[in-house]
>>> print(open('final14.csv').read())   # CSV, C-alpha atoms and all ligand atoms
chain,number,residue,atom,x,y,z
A,91,MET,CA,-11.9,16.8,-26.0
A,92,THR,CA,-12.5,13.5,-27.7
A,93,VAL,CA,-13.9,10.6,-25.7
A,94,ARG,CA,-13.7,7.1,-27.1
A,95,LEU,CA,-15.0,3.9,-25.6
A,96,ARG,CA,-14.8,0.5,-27.1
A,97,CYS,CA,-16.8,-2.5,-25.8
A,98,PRO,CA,-14.3,-5.1,-24.4
A,99,LEU,CA,-16.7,-7.9,-25.1
A,100,CYS,CA,-17.4,-7.4,-28.9
A,101,GLU,CA,-15.0,-4.6,-29.9
A,102,VAL,CA,-17.8,-2.3,-31.1
A,103,VAL,CA,-17.1,1.4,-30.6
A,104,VAL,CA,-19.7,2.5,-28.1
A,105,ALA,CA,-18.8,6.2,-27.9
A,106,ASP,CA,-16.6,8.3,-30.2
A,107,GLY,CA,-17.2,12.0,-29.9
A,108,THR,CA,-16.8,15.2,-28.0
A,109,ALA,CA,-19.6,14.6,-25.5
A,110,ASP,CA,-18.8,12.8,-22.3
A,111,ILE,CA,-20.0,9.2,-22.0
A,112,SER,CA,-23.2,8.3,-20.2
A,113,PRO,CA,-24.0,4.8,-19.0
A,114,GLY,CA,-25.9,2.8,-21.5
A,115,THR,CA,-26.1,-0.4,-23.6
A,116,CYS,CA,-23.6,-1.6,-26.2
A,117,PRO,CA,-25.1,-1.5,-29.7
A,118,GLY,CA,-23.0,-4.5,-30.7
A,119,CYS,CA,-23.7,-7.1,-28.0
A,120,GLY,CA,-26.3,-5.5,-25.7
A,121,ALA,CA,-24.0,-5.4,-22.7
A,122,ARG,CA,-24.9,-2.8,-20.1
A,123,TYR,CA,-22.0,-0.5,-19.2
A,124,GLU,CA,-21.8,1.6,-16.0
A,125,GLY,CA,-19.1,3.4,-14.1
A,126,GLY,CA,-17.2,6.3,-15.5
A,127,GLN,CA,-15.1,7.0,-12.5
A,128,ALA,CA,-11.4,7.8,-12.5
A,129,SER,CA,-10.4,4.7,-10.5
A,130,ALA,CA,-11.4,1.1,-11.4
A,131,PRO,CA,-12.8,0.2,-7.9
A,132,ASP,CA,-14.9,3.4,-7.8
A,133,SER,CA,-16.3,2.5,-11.3
A,134,VAL,CA,-17.0,-1.0,-10.2
A,135,ARG,CA,-18.8,0.3,-7.0
A,136,THR,CA,-20.8,2.7,-9.1
A,137,ALA,CA,-21.7,-0.1,-11.6
A,138,LEU,CA,-22.6,-2.6,-8.9
A,139,ALA,CA,-25.1,0.0,-7.4
A,140,ALA,CA,-26.6,0.6,-10.9
A,141,PHE,CA,-26.9,-3.2,-11.5
A,142,GLY,CA,-28.6,-3.7,-8.1
A,143,ALA,CA,-25.6,-5.7,-6.8
A,144,ASP,CA,-24.2,-3.3,-4.3
A,145,THR,CA,-24.0,-6.0,-1.7
A,146,LEU,CA,-21.0,-7.4,-3.6
A,147,ASP,CA,-17.5,-6.4,-2.5
A,148,ALA,CA,-16.3,-3.8,-5.1
A,149,MET,CA,-12.6,-4.5,-4.5
A,150,ALA,CA,-13.1,-8.3,-4.8
A,151,VAL,CA,-15.0,-7.9,-8.0
A,152,THR,CA,-12.4,-5.5,-9.4
A,153,SER,CA,-9.6,-7.9,-8.6
A,154,ALA,CA,-11.5,-10.8,-10.2
A,155,LEU,CA,-12.1,-8.7,-13.3
A,156,PHE,CA,-8.5,-7.9,-13.7
A,157,ALA,CA,-7.5,-11.5,-13.1
A,158,CYS,CA,-9.7,-12.7,-16.0
A,159,THR,CA,-8.1,-13.3,-19.4
A,160,PRO,CA,-10.0,-11.7,-22.3
A,161,ALA,CA,-11.3,-15.2,-23.1
A,162,GLU,CA,-12.6,-15.7,-19.6
A,163,SER,CA,-14.2,-12.2,-19.6
A,164,ALA,CA,-15.9,-13.0,-22.9
A,165,ALA,CA,-17.2,-16.3,-21.6
A,166,ARG,CA,-18.6,-14.7,-18.5
A,167,GLY,CA,-19.9,-11.6,-20.4
A,168,VAL,CA,-18.3,-9.3,-17.9
A,169,ALA,CA,-15.3,-7.1,-18.4
A,170,ILE,CA,-13.7,-3.8,-17.3
A,171,THR,CA,-12.1,-1.4,-19.6
A,172,SER,CA,-10.9,2.2,-19.7
A,173,ASP,CA,-12.0,4.9,-22.2
A,174,GLN,CA,-9.7,7.1,-24.1
A,175,ARG,CA,-9.7,10.8,-23.6
A,176,ASP,CA,-7.3,13.7,-23.5
A,177,GLY,CA,-4.7,13.3,-20.7
A,178,PHE,CA,-6.6,10.8,-18.5
A,179,TYR,CA,-9.2,8.1,-18.7
A,180,CYS,CA,-12.2,6.7,-16.8
A,181,TRP,CA,-13.1,3.0,-16.2
A,182,TRP,CA,-16.3,1.2,-17.3
A,183,LEU,CA,-17.8,-2.1,-16.3
A,184,PHE,CA,-19.5,-4.0,-19.1
A,185,ALA,CA,-21.9,-6.8,-18.3
A,186,ARG,CA,-23.9,-8.9,-20.7
A,187,GLU,CA,-27.0,-10.9,-19.7
A,188,GLU,CA,-27.0,-14.3,-21.4
A,189,GLY,CA,-29.7,-16.9,-21.1
A,190,ASP,CA,-30.8,-17.3,-17.5
A,191,CYS,CA,-27.6,-15.8,-16.2
A,192,ASP,CA,-28.3,-12.2,-15.3
A,193,VAL,CA,-25.8,-9.4,-14.6
A,194,VAL,CA,-26.1,-9.7,-10.8
A,195,ALA,CA,-25.5,-13.5,-10.9
A,196,THR,CA,-22.6,-13.1,-13.2
A,197,LEU,CA,-21.0,-10.5,-11.0
A,198,GLY,CA,-21.7,-12.7,-7.9
A,199,LEU,CA,-19.9,-15.6,-9.6
A,200,LEU,CA,-16.9,-13.3,-10.0
A,201,ASP,CA,-17.1,-12.2,-6.4
A,202,SER,CA,-16.9,-15.8,-5.1
A,203,ARG,CA,-13.7,-16.7,-7.1
A,301,ZN,ZN,-20.4,-5.0,-27.0
>>> encode(input="final14.csv", output="structure tokens", more="lines below")
Ligand SMILES: [Zn+2]
Amino acid sequence: MTVRLRCPLCEVVVADGTADISPGTCPGCGARYEGGQASAPDSVRTALAAFGADTLDAMAVTSALFACTPAESAARGVAITSDQRDGFYCWWLFAREEGDCDVVATLGLLDSR
């Protein structure tokens, strides 16, 4: 099985191999990525817990992420994407910390849209 994941924020290939993907940091832009579940809300819930933001509503954050254009996602430094593997795929949340805006604050902004 080949598993491939590309960062939605900078287009760098984060994973391209036969091993399954572990949460980590994008080598291109430094965004943290978490998730890896079969459904987008489950991946967001997993990522929020990993980011210490599990008080946020996973469904609301998921909806906000899907409502963002690629430009809005890039501006916020938060995006959701799926990986590519044989027959199915898993979802990953990418979040980049910029300046004084940390991942939790960025996700909180999304939640309040
Ligand atoms: Zn990146």
>>> residues_near_ligand(input="final14.csv", ligand="ligand ZN 301 (chain A)", cutoff="6 Å", atoms="only C-alpha atoms and all ligand atoms", output="PyMOL selection string")
chain A and resi 97+99-100+102+116+118-119+121
>>> closest_residue(input="final14.csv", among="A:Pro113, A:Gly126, A:Pro98, A:Pro131", to="Asp147 of chain A", atoms="only C-alpha atoms")
A:Pro131
>>> atom_distance(input="final14.csv", atom1="atom CA of Leu155 of chain A", atom2="atom CA of Ala195 of chain A")
14.4 Å
>>> closest_residue(input="final14.csv", among="A:Arg175, A:Cys180, A:Ala130, A:Ser163", to="Met91 of chain A", atoms="only C-alpha atoms")
A:Arg175
>>> closest_residue(input="final14.csv", among="A:Ala169, A:Val93, A:Phe141, A:Cys158", to="Gly114 of chain A", atoms="all atoms listed in the file")
A:Phe141
>>> residues_around(input="final14.csv", residues="Ile111 of chain A", least_positions_apart="5", cutoff="12 Å", atoms="all atoms listed in the file", output="list in words")
Met91, Thr92, Val93, Arg94, Leu95, Arg96, Val103, Val104, Ala105, Asp106, Tyr123, Glu124, Gly125, Gly126, Gln127, Ser172, Asp173, Gln174, Arg175, Tyr179, Cys180, Trp181 and Trp182 of chain A
